[in-house]
2 protein chains.
Amino acid sequence: MDQDSMRRYAKLLVGTCAGIGEGGRLRIVGEACHRPLMHALAEEAYRRGARLVRLEHPDPHLVRIRIDHSQDAWLDDVSAQLEREAEVYVEEAWASIVLVGDEDPLALEGADMGRVQRQSRARSKAIAKFRESMMQNRQVWCIAPAPTEAWAKAVFEMAGRDPGPAPAESLWAALVPILGLDAEDPALALSRHAQTLMARARTLDSLHLDSLHFEGEGTDLRVGLSPRSRWIGGGSKTPDGQFFLPNHPTEEVFTSPDARRTEGRASCTRPLRVLGSLVQGAWFEFEAGQVVRWGARENLEALSAWLDTDPGARRLGEVALVDATGPIFACGLVFDNGLIDENAASHIALGAAYTEAFEGTEGLDEAGREALGFNESLVHNDYMIGSEKVDVTGRDASGREIPILRAGRFVI
Amino acid sequence: MDQDSMRRYAKLLVGTCAGIGEGGRLRIVGEACHRPLMHALAEEAYRRGARLVRLEHPDPHLVRIRIDHSQDAWLDDVSAQLEREAEVYVEEAWASIVLVGDEDPLALEGADMGRVQRQSRARSKAIAKFRESMMQNRQVWCIAPAPTEAWAKAVFEMAGRDPGPAPAESLWAALVPILGLDAEDPALALSRHAQTLMARARTLDSLHLDSLHFEGEGTDLRVGLSPRSRWIGGGSKTPDGQFFLPNHPTEEVFTSPDARRTEGRASCTRPLRVLGSLVQGAWFEFEAGQVVRWGARENLEALSAWLDTDPGARRLGEVALVDATGPIFACGLVFDNGLIDENAASHIALGAAYTEAFEGTEGLDEAGREALGFNESLVHNDYMIGSEKVDVTGRDASGREIPILRAGRFVI
C-alpha cells in the first residue's frame with residue numbers, strides 16, 4: 001500500500017466511517033504488522049482535531065504461548081486492567097477503528113480449543129460492557145480490512161490464482177474497488193452507497209415480514225422475525241445522532257430475529273475463522289431457535305468449543321441479506337475474512353443481537369430482553385449461507401410470500 | 001539473536017533478574033520490533049508458572065505524529081486509562097521487564113521539544129504512583145538491552161567499526177559477554193557478580209563518607225552525601241524480601257545524595273538520550289545543589305526542555321560509581337544507550353532519588369523527604385561523567401580524604 005493510497009484510506013475510515021472530529025478520542029486496533037496504516041489513521045485523526053489516539057495490538061502469538069504453556073489454573077485469569085480499560089473506553093466515549101488481517105493466520109492452528117475458548121471467554125466477560133456499548137451503537141466503531149502477506153497468499157491460493165511477487169499488494173489491489181478507493185471522490189461515493197442500502201432497509205421494513213426462508217446450497221432454513229425486528233443498512237447512529245459506518249466495506253442489510261423461531265438447516269457457503277481456526281464446510285440444524293446438531297469439514301473442534309461459550313452462542317442474533325452482484329462477490333475471491341466475506345453473501349450470526357435492529361429493548365434487563373426473543377451472548381460471529389444459488393423468500397403475518405432474493409439477487 | 005540465545009537471555013531475565021515464579025504477573029515493555037524476544041520472555045514466564053503476561057509497545061512514531069499534528073490544547077491530555085492502568089500495576093503487584101533498544105533512534109529528531117516535554121510530563125504525572133512504587137522497589141523491575149538494526153549501525157559508526165552485513169547481530173555478539181551469556185552457567189555467574197557489587201557497597205557504607213569529589217575530563221564536582229545515604233549494588237529487594245536485579249547489565253554501586261549539597265562542574269563523558277534526542281557534550285554547573293548553568297554540543301534544546309520538567313530535575317537523585325575496567329568499558333563501544341553506558345562509567349542522575357538508597361524516608365510526605373535532602377521529581381536520568389581519566393575521592397565527616405577511584409579503577 002503506497003503512501004498515497006494509505007492516506008486516501010485513512011481519510012475514508014477516520015473521516016467518513018468513524019466521523020472523528022474536534023476533541024474526539026480514537027482507539028485503533030490492529031496487529032503490529034499494521035503499524036504503518038495505523039500511524040496514517042492516527043495522523044488523519046490528529047489533523048481533524050482529535051484529542052487522543054491510542055493503538056492496541058492484539059497478539060495471537062502471545063495468546064498461543066499462553067495456551068501452550070500456562071498452568072491450567074490461570075487460564076481464566078484476567079487483570080483488573082482489562083475491565084477498567086473497557087470502562088474508560090465507555091466513560092470517555094472512545095471511537096474504535098479495528099483493522100482485520102492476520103499476520104499469521106495459523107497462529108492458533110492445532111492449539112487446544114478448550115483452553116483457547118476458556119481464555120477467550122474470560123476476556124469477553126471482562127470487556128462485556130464495552131462490547132455491549134458498541135453493539136448498541138452508544139459509541140462509534142468501524143471494522144475495516146488491512147492486507148497481510150500471509151492472508152494474501154491464502155486468498156490467492158484458495159482461488160487458484162498467482163498472487164505475484166508481492167501478495168499483500170495484489171490483495172490490496174483487489175480491495176481497492178471493494179473499498180471504493182478508486183472513486184473520484186471516495187467519501188461521496190461511500191455516502192451514496194450507504195443511502196442505497198438504507199433505502200433497501202426501509203423497503204424491507206415496509207414489508208412487515210414475519211419470517212425469511214433461505215433455500216439452496218444445502219440450506220433450508222426458516223428464520224422467524226419479531227414485530228420488533230428493524231432492518232438496518234448503510235450505517236448506524238449514536239444516541240446523540242452521530243452517523244457512522246460500523247463496517248467498511250458494507251453491502252448488507254440486516255436485522256435481529258426472534259431468537260426462539262429459527263428452524264431447519266443452514267450450510268455455510270464460505271469458510272470462516274472461529275477461535276483462531278479456519279472452519280470449513282460448517283452446517284447447523286436448528287430446533288425452536290437452538291442449534292441442536294452441527295458439523296464441519298475442517299476444524300469442527302473450534303466450532304464446538306465456540307458454541308459452548310454460552311447458551312446465546314447457539315441462537316441467532318442477526319440475519320443479513322447481501323446481493324450476490326456486489327463487488328465482493330463479483331471479484332471471485334474468498335477472503336477467509338469474516339468482515340469481507342459477510343459482505344459478499346447473505347448470512348446469519350450466532351450470538352448477541354443488536355438493539356438498533358430490535359425495537360423496544362430500552363430499559364429492560366437481560367431477562368426482559370430475552371423474553372422478547374432478543375438474543376444475549378458474550379460473542380457474535382457471522383456464518384455465510386448465501387450465494388448466487390440461494391433464494392430468500394419472505395412471508396408476512398397474513399401468510400403472503402414475497403420473493404426477496406432470487407439466484408442471489410435482490411428482486412424487491 | 002538465534003532461538004537458543006534468546007532462550008538463554010529469557011531465562012536470565014525472567015528467572016534470575018525478575019525472579020518470576022508461581023502466580024506472578026509480568027509486564028514486558030518493548031517496541032514492536034522486539035516482539036520475538038518479548039514472546040520468548042512470555043514463554044519463559046508461563047513455563048515458570050506465571051499467572052498473566054502482558055506486552056506493552058511504546059511507539060515513538062505515534063508520539064511524533066501527535067507532536068507534529070495535535071492541536072495545542074490537547075497536548076497535555078491523557079486518558080483516565082493511563083492512570084488506572086498504573087494503579088492496577090501497583091495493586092496487582094506486576095513485575096516489569098523493560099527492553100531498551102530504539103527501532104528508530106531518530107523518531108523524535110527535530111521535533112518541537114517544548115511540545116515533546118509537555119506530553120511527556122503529562123504522561124509521567126499520570127503514572128507517577130506506579131513509577132514511585134518501582135523507584136521504592138515495592139515491585140520488581142528490570143531494564144535490559146535488546147539490539148535493533150538502527151541502534152547497532154549507530155554504535156559501530158560512532159566507533160568507526162564495520163558492523164558487517166547484519167548490524168543487530170554484531171551488536172548482539174558484543175553484548176553477549178557484557179550480559180554474561182557466554183558463561184557456562186549464566187545464572188550462577190550473575191549471582192556471583194551481584195555479590196561482588198554488594199560487597200563493594202558494604203565497604204563504601206563502612207567509610208561513612210560525607211562527600212565525593214570527581215576530578216578529570218572537565219569535571220570538578222563535589223557531591224554532598226547525607227548520613228542517611230546508603231550504598232546499593234548488585235540488586236535490590238522488595239519489602240517482602242524478593243531479590244531482583246533492576247538493571248542487566250549492572251556494574252554500578254550507587255547512593256542518593258543530599259540534594260542540597262552539590263557544587264561545581266560536571267562534564268558528560270558519553271552522549272545520552274533526553275526526550276528522544278541524543279545529547280552530546282552536555283555539562284552542568286551546580287550551586288547549592290541546583291543546576292544553575294548548563295550546555296551541550298548537540299541537542300541543547302532537548303536538555304533544556306527536560307531540565308524544565310520540575311524543580312527536582314535540576315538536582316541530584318543519585319550518584320553512582322563504576323569501575324572503568326568492567327566489560328562494558330573494555331569493549332570500547334559507546335552504546336548511545338543509558339542503560340549500558342551508565343554501567344560503563346561513573347555517573348550522576350538528575351531527578352528522583354531512591355528510597356532504598358536513603359534511610360528513614362518511610363512515612364514522610366514529599367515535604368518531609370525534601371527537608372532531609374531527598375530529591376523528588378517526575379523524572380530520573382543518568383548523566384555519565386566517569387572514564388579512565390577521572391578520579392573520585394571520598395571525604396568523611398572528620399575531613400579525612402579516601403581515594404575511591406584512581407584513573408577509573410576502584411582502589412578500595
# chains A, B, ... in the order shown; residues from 1 in each chain; ligands from 1
$ interface_residues --of "chain A" --to "chain B" --cutoff "6 Å" --atoms "only C-alpha atoms" --output "PyMOL selection string"
chain A and resi 43+46-47+51+65+69-70+74+81+85
$ select_by_dssp --residues "stretch 156-206 of chain A" --states "alpha helix (DSSP H)" --output "mmCIF file with all heavy atoms, in the first residue's frame"
data_model
loop_
_atom_site.group_PDB
_atom_site.id
_atom_site.type_symbol
_atom_site.label_atom_id
_atom_site.label_comp_id
_atom_site.auth_asym_id
_atom_site.auth_seq_id
_atom_site.Cartn_x
_atom_site.Cartn_y
_atom_site.Cartn_z
ATOM 1 N N PHE A 156 -5.229 -15.991 -2.544
ATOM 2 C CA PHE A 156 -4.950 -16.303 -3.954
ATOM 3 C C PHE A 156 -4.787 -17.813 -4.155
ATOM 4 O O PHE A 156 -5.186 -18.347 -5.178
ATOM 5 C CB PHE A 156 -3.735 -15.518 -4.451
ATOM 6 C CG PHE A 156 -4.038 -14.051 -4.631
ATOM 7 C CD1 PHE A 156 -3.619 -13.106 -3.697
ATOM 8 C CD2 PHE A 156 -4.796 -13.623 -5.720
ATOM 9 C CE1 PHE A 156 -3.924 -11.763 -3.852
ATOM 10 C CE2 PHE A 156 -5.101 -12.273 -5.883
ATOM 11 C CZ PHE A 156 -4.669 -11.332 -4.948
ATOM 12 N N GLU A 157 -4.228 -18.475 -3.161
ATOM 13 C CA GLU A 157 -4.081 -19.924 -3.249
ATOM 14 C C GLU A 157 -5.456 -20.594 -3.322
ATOM 15 O O GLU A 157 -5.688 -21.457 -4.169
ATOM 16 C CB GLU A 157 -3.309 -20.423 -2.029
ATOM 17 C CG GLU A 157 -2.666 -21.784 -2.204
ATOM 18 C CD GLU A 157 -1.901 -22.173 -0.954
ATOM 19 O OE1 GLU A 157 -0.905 -21.483 -0.635
ATOM 20 O OE2 GLU A 157 -2.333 -23.138 -0.291
ATOM 21 N N MET A 158 -6.372 -20.179 -2.433
ATOM 22 C CA MET A 158 -7.733 -20.741 -2.438
ATOM 23 C C MET A 158 -8.392 -20.551 -3.791
ATOM 24 O O MET A 158 -9.178 -21.379 -4.234
ATOM 25 C CB MET A 158 -8.581 -20.058 -1.361
ATOM 26 C CG MET A 158 -8.508 -20.736 0.003
ATOM 27 S SD MET A 158 -9.803 -20.114 1.111
ATOM 28 C CE MET A 158 -9.081 -18.576 1.685
ATOM 29 N N PRO A 167 2.328 -10.477 -2.629
ATOM 30 C CA PRO A 167 0.928 -10.880 -2.414
ATOM 31 C C PRO A 167 0.072 -9.824 -1.722
ATOM 32 O O PRO A 167 -1.061 -9.573 -2.155
ATOM 33 C CB PRO A 167 1.056 -12.145 -1.552
ATOM 34 C CG PRO A 167 2.417 -12.677 -1.869
ATOM 35 C CD PRO A 167 3.269 -11.475 -2.121
ATOM 36 N N ALA A 168 0.606 -9.183 -0.684
ATOM 37 C CA ALA A 168 -0.212 -8.207 0.052
ATOM 38 C C ALA A 168 -0.610 -7.053 -0.868
ATOM 39 O O ALA A 168 -1.741 -6.551 -0.796
ATOM 40 C CB ALA A 168 0.538 -7.686 1.277
ATOM 41 N N GLU A 169 0.301 -6.655 -1.749
ATOM 42 C CA GLU A 169 -0.014 -5.578 -2.705
ATOM 43 C C GLU A 169 -1.105 -6.020 -3.680
ATOM 44 O O GLU A 169 -1.978 -5.237 -4.055
ATOM 45 C CB GLU A 169 1.248 -5.150 -3.465
ATOM 46 C CG GLU A 169 2.232 -4.334 -2.633
ATOM 47 C CD GLU A 169 1.580 -3.097 -2.013
ATOM 48 O OE1 GLU A 169 0.867 -2.353 -2.704
ATOM 49 O OE2 GLU A 169 1.787 -2.887 -0.796
ATOM 50 N N SER A 170 -1.034 -7.298 -4.108
ATOM 51 C CA SER A 170 -2.064 -7.809 -5.027
ATOM 52 C C SER A 170 -3.424 -7.852 -4.340
ATOM 53 O O SER A 170 -4.451 -7.536 -4.949
ATOM 54 C CB SER A 170 -1.698 -9.219 -5.509
ATOM 55 O OG SER A 170 -0.421 -9.218 -6.097
ATOM 56 N N LEU A 171 -3.440 -8.245 -3.060
ATOM 57 C CA LEU A 171 -4.702 -8.282 -2.320
ATOM 58 C C LEU A 171 -5.238 -6.859 -2.153
ATOM 59 O O LEU A 171 -6.438 -6.597 -2.304
ATOM 60 C CB LEU A 171 -4.503 -8.951 -0.958
ATOM 61 C CG LEU A 171 -5.754 -9.055 -0.082
ATOM 62 C CD1 LEU A 171 -6.889 -9.786 -0.795
ATOM 63 C CD2 LEU A 171 -5.443 -9.765 1.238
ATOM 64 N N TRP A 172 -4.328 -5.960 -1.844
ATOM 65 C CA TRP A 172 -4.712 -4.557 -1.714
ATOM 66 C C TRP A 172 -5.339 -4.056 -3.014
ATOM 67 O O TRP A 172 -6.387 -3.403 -3.009
ATOM 68 C CB TRP A 172 -3.481 -3.736 -1.312
ATOM 69 C CG TRP A 172 -3.749 -2.275 -1.247
ATOM 70 C CD1 TRP A 172 -3.201 -1.303 -2.033
ATOM 71 C CD2 TRP A 172 -4.655 -1.605 -0.363
ATOM 72 N NE1 TRP A 172 -3.703 -0.085 -1.696
ATOM 73 C CE2 TRP A 172 -4.601 -0.238 -0.679
ATOM 74 C CE3 TRP A 172 -5.518 -2.033 0.646
ATOM 75 C CZ2 TRP A 172 -5.375 0.713 -0.012
ATOM 76 C CZ3 TRP A 172 -6.294 -1.086 1.310
ATOM 77 C CH2 TRP A 172 -6.214 0.262 0.994
ATOM 78 N N ALA A 173 -4.723 -4.427 -4.159
ATOM 79 C CA ALA A 173 -5.263 -4.013 -5.467
ATOM 80 C C ALA A 173 -6.671 -4.574 -5.672
ATOM 81 O O ALA A 173 -7.546 -3.885 -6.212
ATOM 82 C CB ALA A 173 -4.326 -4.475 -6.582
ATOM 83 N N ALA A 174 -6.896 -5.823 -5.197
ATOM 84 C CA ALA A 174 -8.235 -6.410 -5.327
ATOM 85 C C ALA A 174 -9.233 -5.688 -4.425
ATOM 86 O O ALA A 174 -10.427 -5.619 -4.728
ATOM 87 C CB ALA A 174 -8.188 -7.896 -4.972
ATOM 88 N N LEU A 175 -8.736 -5.153 -3.302
ATOM 89 C CA LEU A 175 -9.639 -4.492 -2.343
ATOM 90 C C LEU A 175 -9.986 -3.060 -2.753
ATOM 91 O O LEU A 175 -11.009 -2.527 -2.332
ATOM 92 C CB LEU A 175 -9.011 -4.490 -0.941
ATOM 93 C CG LEU A 175 -9.018 -5.837 -0.213
ATOM 94 C CD1 LEU A 175 -8.220 -5.740 1.088
ATOM 95 C CD2 LEU A 175 -10.455 -6.274 0.101
ATOM 96 N N VAL A 176 -9.130 -2.427 -3.561
ATOM 97 C CA VAL A 176 -9.351 -1.014 -3.901
ATOM 98 C C VAL A 176 -10.775 -0.739 -4.420
ATOM 99 O O VAL A 176 -11.460 0.145 -3.886
ATOM 100 C CB VAL A 176 -8.245 -0.492 -4.852
ATOM 101 C CG1 VAL A 176 -8.683 0.765 -5.590
ATOM 102 C CG2 VAL A 176 -6.968 -0.207 -4.049
ATOM 103 N N PRO A 177 -11.290 -1.509 -5.420
ATOM 104 C CA PRO A 177 -12.670 -1.243 -5.853
ATOM 105 C C PRO A 177 -13.704 -1.617 -4.788
ATOM 106 O O PRO A 177 -14.736 -0.956 -4.658
ATOM 107 C CB PRO A 177 -12.842 -2.119 -7.107
ATOM 108 C CG PRO A 177 -11.720 -3.114 -7.056
ATOM 109 C CD PRO A 177 -10.615 -2.501 -6.281
ATOM 110 N N ILE A 178 -13.420 -2.674 -4.025
ATOM 111 C CA ILE A 178 -14.350 -3.108 -2.972
ATOM 112 C C ILE A 178 -14.488 -2.030 -1.905
ATOM 113 O O ILE A 178 -15.562 -1.787 -1.359
ATOM 114 C CB ILE A 178 -13.855 -4.448 -2.363
ATOM 115 C CG1 ILE A 178 -14.048 -5.574 -3.394
ATOM 116 C CG2 ILE A 178 -14.561 -4.762 -1.060
ATOM 117 C CD1 ILE A 178 -13.401 -6.884 -3.019
ATOM 118 N N PRO A 186 -13.999 9.341 -3.036
ATOM 119 C CA PRO A 186 -14.392 8.146 -2.276
ATOM 120 C C PRO A 186 -15.420 8.431 -1.189
ATOM 121 O O PRO A 186 -16.326 7.627 -0.960
ATOM 122 C CB PRO A 186 -13.067 7.662 -1.667
ATOM 123 C CG PRO A 186 -12.006 8.198 -2.576
ATOM 124 C CD PRO A 186 -12.534 9.520 -3.052
ATOM 125 N N ALA A 187 -15.317 9.592 -0.538
ATOM 126 C CA ALA A 187 -16.248 9.906 0.549
ATOM 127 C C ALA A 187 -17.666 10.053 0.001
ATOM 128 O O ALA A 187 -18.631 9.514 0.559
ATOM 129 C CB ALA A 187 -15.812 11.187 1.264
ATOM 130 N N LEU A 188 -17.804 10.755 -1.122
ATOM 131 C CA LEU A 188 -19.114 10.957 -1.740
ATOM 132 C C LEU A 188 -19.689 9.625 -2.218
ATOM 133 O O LEU A 188 -20.863 9.323 -1.987
ATOM 134 C CB LEU A 188 -18.979 11.927 -2.920
ATOM 135 C CG LEU A 188 -20.294 12.295 -3.627
ATOM 136 C CD1 LEU A 188 -21.206 13.083 -2.694
ATOM 137 C CD2 LEU A 188 -20.012 13.098 -4.904
ATOM 138 N N ALA A 189 -18.846 8.821 -2.876
ATOM 139 C CA ALA A 189 -19.300 7.527 -3.391
ATOM 140 C C ALA A 189 -19.790 6.643 -2.243
ATOM 141 O O ALA A 189 -20.829 5.979 -2.344
ATOM 142 C CB ALA A 189 -18.170 6.836 -4.152
ATOM 143 N N LEU A 190 -19.061 6.669 -1.130
ATOM 144 C CA LEU A 190 -19.446 5.839 0.010
ATOM 145 C C LEU A 190 -20.762 6.331 0.615
ATOM 146 O O LEU A 190 -21.631 5.532 0.984
ATOM 147 C CB LEU A 190 -18.315 5.824 1.058
ATOM 148 C CG LEU A 190 -18.532 4.958 2.286
ATOM 149 C CD1 LEU A 190 -18.871 3.513 1.916
ATOM 150 C CD2 LEU A 190 -17.287 4.984 3.191
ATOM 151 N N SER A 191 -20.956 7.631 0.698
ATOM 152 C CA SER A 191 -22.208 8.174 1.230
ATOM 153 C C SER A 191 -23.384 7.742 0.359
ATOM 154 O O SER A 191 -24.447 7.371 0.868
ATOM 155 C CB SER A 191 -22.164 9.703 1.283
ATOM 156 O OG SER A 191 -21.123 10.109 2.125
ATOM 157 N N ARG A 192 -23.209 7.800 -0.955
ATOM 158 C CA ARG A 192 -24.295 7.394 -1.867
ATOM 159 C C ARG A 192 -24.613 5.913 -1.719
ATOM 160 O O ARG A 192 -25.772 5.521 -1.697
ATOM 161 C CB ARG A 192 -23.896 7.690 -3.316
ATOM 162 C CG ARG A 192 -24.001 9.163 -3.595
ATOM 163 C CD ARG A 192 -23.960 9.443 -5.095
ATOM 164 N NE ARG A 192 -24.021 10.881 -5.292
ATOM 165 C CZ ARG A 192 -23.339 11.543 -6.220
ATOM 166 N NH1 ARG A 192 -22.551 10.895 -7.057
ATOM 167 N NH2 ARG A 192 -23.454 12.850 -6.310
ATOM 168 N N HIS A 193 -23.559 5.110 -1.625
ATOM 169 C CA HIS A 193 -23.735 3.669 -1.446
ATOM 170 C C HIS A 193 -24.513 3.395 -0.157
ATOM 171 O O HIS A 193 -25.434 2.564 -0.116
ATOM 172 C CB HIS A 193 -22.362 3.003 -1.422
ATOM 173 C CG HIS A 193 -22.393 1.538 -1.127
ATOM 174 N ND1 HIS A 193 -23.029 0.631 -1.947
ATOM 175 C CD2 HIS A 193 -21.879 0.818 -0.098
ATOM 176 C CE1 HIS A 193 -22.892 -0.583 -1.432
ATOM 177 N NE2 HIS A 193 -22.202 -0.492 -0.312
ATOM 178 N N ALA A 194 -24.153 4.109 0.902
ATOM 179 C CA ALA A 194 -24.835 3.938 2.189
ATOM 180 C C ALA A 194 -26.316 4.277 2.048
ATOM 181 O O ALA A 194 -27.183 3.587 2.607
ATOM 182 C CB ALA A 194 -24.170 4.808 3.255
ATOM 183 N N GLN A 195 -26.621 5.323 1.274
ATOM 184 C CA GLN A 195 -28.027 5.714 1.081
ATOM 185 C C GLN A 195 -28.821 4.620 0.362
ATOM 186 O O GLN A 195 -29.977 4.364 0.699
ATOM 187 C CB GLN A 195 -28.111 7.045 0.340
ATOM 188 C CG GLN A 195 -27.916 8.228 1.303
ATOM 189 C CD GLN A 195 -27.472 9.500 0.611
ATOM 190 O OE1 GLN A 195 -27.580 9.609 -0.605
ATOM 191 N NE2 GLN A 195 -26.968 10.439 1.387
ATOM 192 N N THR A 196 -28.192 3.969 -0.627
ATOM 193 C CA THR A 196 -28.853 2.862 -1.337
ATOM 194 C C THR A 196 -29.227 1.746 -0.360
ATOM 195 O O THR A 196 -30.341 1.212 -0.394
ATOM 196 C CB THR A 196 -27.899 2.287 -2.420
ATOM 197 O OG1 THR A 196 -27.492 3.355 -3.258
ATOM 198 C CG2 THR A 196 -28.568 1.197 -3.235
ATOM 199 N N LEU A 197 -28.284 1.402 0.510
ATOM 200 C CA LEU A 197 -28.540 0.328 1.478
ATOM 201 C C LEU A 197 -29.626 0.736 2.470
ATOM 202 O O LEU A 197 -30.479 -0.075 2.854
ATOM 203 C CB LEU A 197 -27.245 -0.047 2.217
ATOM 204 C CG LEU A 197 -26.151 -0.693 1.350
ATOM 205 C CD1 LEU A 197 -24.854 -0.854 2.156
ATOM 206 C CD2 LEU A 197 -26.599 -2.059 0.816
ATOM 207 N N MET A 198 -29.613 1.998 2.880
ATOM 208 C CA MET A 198 -30.645 2.486 3.808
ATOM 209 C C MET A 198 -32.022 2.384 3.174
ATOM 210 O O MET A 198 -32.995 1.975 3.826
ATOM 211 C CB MET A 198 -30.377 3.952 4.167
ATOM 212 C CG MET A 198 -29.364 4.117 5.274
ATOM 213 S SD MET A 198 -29.179 5.877 5.648
ATOM 214 C CE MET A 198 -27.425 5.903 5.954
ATOM 215 N N ALA A 199 -32.124 2.747 1.896
ATOM 216 C CA ALA A 199 -33.406 2.682 1.186
ATOM 217 C C ALA A 199 -33.895 1.230 1.130
ATOM 218 O O ALA A 199 -35.088 0.950 1.324
ATOM 219 C CB ALA A 199 -33.251 3.236 -0.232
ATOM 220 N N ARG A 200 -32.947 0.301 0.910
ATOM 221 C CA ARG A 200 -33.309 -1.128 0.873
ATOM 222 C C ARG A 200 -33.859 -1.580 2.231
ATOM 223 O O ARG A 200 -34.826 -2.346 2.307
ATOM 224 C CB ARG A 200 -32.071 -1.924 0.489
ATOM 225 C CG ARG A 200 -32.299 -3.385 0.264
ATOM 226 C CD ARG A 200 -31.058 -4.069 -0.294
ATOM 227 N NE ARG A 200 -30.817 -3.765 -1.696
ATOM 228 C CZ ARG A 200 -29.654 -3.980 -2.334
ATOM 229 N NH1 ARG A 200 -28.617 -4.479 -1.672
ATOM 230 N NH2 ARG A 200 -29.517 -3.692 -3.606
ATOM 231 N N ALA A 201 -33.227 -1.103 3.290
ATOM 232 C CA ALA A 201 -33.690 -1.447 4.642
ATOM 233 C C ALA A 201 -35.108 -0.920 4.875
ATOM 234 O O ALA A 201 -35.961 -1.623 5.432
ATOM 235 C CB ALA A 201 -32.719 -0.891 5.688
ATOM 236 N N ARG A 202 -35.367 0.319 4.420
ATOM 237 C CA ARG A 202 -36.726 0.892 4.595
ATOM 238 C C ARG A 202 -37.765 0.065 3.826
ATOM 239 O O ARG A 202 -38.860 -0.191 4.313
ATOM 240 C CB ARG A 202 -36.775 2.347 4.112
ATOM 241 C CG ARG A 202 -35.959 3.372 4.914
ATOM 242 C CD ARG A 202 -36.431 3.581 6.343
ATOM 243 N NE ARG A 202 -36.152 2.452 7.213
ATOM 244 C CZ ARG A 202 -34.929 2.132 7.698
ATOM 245 N NH1 ARG A 202 -33.877 2.852 7.399
ATOM 246 N NH2 ARG A 202 -34.775 1.084 8.490
ATOM 247 N N THR A 203 -37.387 -0.393 2.587
ATOM 248 C CA THR A 203 -38.294 -1.240 1.804
ATOM 249 C C THR A 203 -38.616 -2.525 2.569
ATOM 250 O O THR A 203 -39.785 -2.937 2.666
ATOM 251 C CB THR A 203 -37.647 -1.598 0.448
ATOM 252 O OG1 THR A 203 -37.323 -0.391 -0.221
ATOM 253 C CG2 THR A 203 -38.588 -2.442 -0.413
ATOM 254 N N LEU A 204 -37.581 -3.143 3.119
ATOM 255 C CA LEU A 204 -37.795 -4.393 3.873
ATOM 256 C C LEU A 204 -38.687 -4.150 5.088
ATOM 257 O O LEU A 204 -39.593 -4.943 5.370
ATOM 258 C CB LEU A 204 -36.454 -4.996 4.301
ATOM 259 C CG LEU A 204 -35.727 -5.742 3.163
ATOM 260 C CD1 LEU A 204 -34.248 -5.934 3.495
ATOM 261 C CD2 LEU A 204 -36.391 -7.092 2.884
ATOM 262 N N ASP A 205 -38.451 -3.048 5.796
ATOM 263 C CA ASP A 205 -39.310 -2.713 6.940
ATOM 264 C C ASP A 205 -40.775 -2.617 6.498
ATOM 265 O O ASP A 205 -41.678 -3.089 7.205
ATOM 266 C CB ASP A 205 -38.883 -1.375 7.560
ATOM 267 C CG ASP A 205 -37.781 -1.537 8.594
ATOM 268 O OD1 ASP A 205 -37.565 -2.670 9.081
ATOM 269 O OD2 ASP A 205 -37.122 -0.532 8.923
ATOM 270 N N SER A 206 -40.983 -2.015 5.317
ATOM 271 C CA SER A 206 -42.353 -1.757 4.864
ATOM 272 C C SER A 206 -43.094 -3.060 4.530
ATOM 273 O O SER A 206 -44.322 -3.064 4.427
ATOM 274 C CB SER A 206 -42.350 -0.841 3.638
ATOM 275 O OG SER A 206 -41.858 -1.553 2.506
#
$ residues_around --residues "B:Asp104" --least-positions-apart "6" --cutoff "9 Å" --atoms "only C-alpha atoms" --output "VMD selection string"
chain B and resid 60 to 61 148 to 151
$ write_last_selection --atoms "all heavy atoms" --output "mmCIF file, in the first residue's frame"
data_model
loop_
_atom_site.group_PDB
_atom_site.id
_atom_site.type_symbol
_atom_site.label_atom_id
_atom_site.label_comp_id
_atom_site.auth_asym_id
_atom_site.auth_seq_id
_atom_site.Cartn_x
_atom_site.Cartn_y
_atom_site.Cartn_z
ATOM 1 N N PRO B 60 7.346 5.489 19.578
ATOM 2 C CA PRO B 60 7.855 6.849 19.372
ATOM 3 C C PRO B 60 7.301 7.500 18.099
ATOM 4 O O PRO B 60 7.142 8.716 18.058
ATOM 5 C CB PRO B 60 9.371 6.653 19.239
ATOM 6 C CG PRO B 60 9.649 5.325 19.854
ATOM 7 C CD PRO B 60 8.428 4.497 19.648
ATOM 8 N N HIS B 61 6.961 6.699 17.081
ATOM 9 C CA HIS B 61 6.383 7.278 15.865
ATOM 10 C C HIS B 61 5.011 7.868 16.142
ATOM 11 O O HIS B 61 4.660 8.919 15.608
ATOM 12 C CB HIS B 61 6.290 6.231 14.755
ATOM 13 C CG HIS B 61 7.543 6.133 13.964
ATOM 14 N ND1 HIS B 61 7.875 7.048 13.001
ATOM 15 C CD2 HIS B 61 8.574 5.268 14.037
ATOM 16 C CE1 HIS B 61 9.054 6.732 12.496
ATOM 17 N NE2 HIS B 61 9.509 5.660 13.112
ATOM 18 N N THR B 148 18.721 -3.399 17.999
ATOM 19 C CA THR B 148 17.952 -3.155 16.774
ATOM 20 C C THR B 148 18.953 -2.805 15.677
ATOM 21 O O THR B 148 20.102 -2.440 15.974
ATOM 22 C CB THR B 148 16.984 -1.970 16.922
ATOM 23 O OG1 THR B 148 17.759 -0.784 17.091
ATOM 24 C CG2 THR B 148 16.058 -2.138 18.109
ATOM 25 N N GLU B 149 18.510 -2.883 14.428
ATOM 26 C CA GLU B 149 19.400 -2.562 13.305
ATOM 27 C C GLU B 149 19.922 -1.129 13.402
ATOM 28 O O GLU B 149 21.119 -0.874 13.291
ATOM 29 C CB GLU B 149 18.664 -2.743 11.964
ATOM 30 C CG GLU B 149 18.280 -4.177 11.637
ATOM 31 C CD GLU B 149 19.458 -5.133 11.546
ATOM 32 O OE1 GLU B 149 20.561 -4.715 11.160
ATOM 33 O OE2 GLU B 149 19.275 -6.320 11.905
ATOM 34 N N ALA B 150 18.999 -0.201 13.606
ATOM 35 C CA ALA B 150 19.395 1.210 13.585
ATOM 36 C C ALA B 150 20.333 1.533 14.742
ATOM 37 O O ALA B 150 21.328 2.259 14.578
ATOM 38 C CB ALA B 150 18.146 2.094 13.660
ATOM 39 N N TRP B 151 20.024 0.990 15.896
ATOM 40 C CA TRP B 151 20.866 1.229 17.063
ATOM 41 C C TRP B 151 22.270 0.665 16.806
ATOM 42 O O TRP B 151 23.286 1.337 17.045
ATOM 43 C CB TRP B 151 20.213 0.607 18.306
ATOM 44 C CG TRP B 151 21.034 0.703 19.547
ATOM 45 C CD1 TRP B 151 22.000 1.625 19.826
ATOM 46 C CD2 TRP B 151 20.956 -0.170 20.681
ATOM 47 N NE1 TRP B 151 22.535 1.386 21.061
ATOM 48 C CE2 TRP B 151 21.912 0.293 21.613
ATOM 49 C CE3 TRP B 151 20.176 -1.271 21.008
ATOM 50 C CZ2 TRP B 151 22.108 -0.336 22.851
ATOM 51 C CZ3 TRP B 151 20.372 -1.885 22.240
ATOM 52 C CH2 TRP B 151 21.322 -1.427 23.148
#
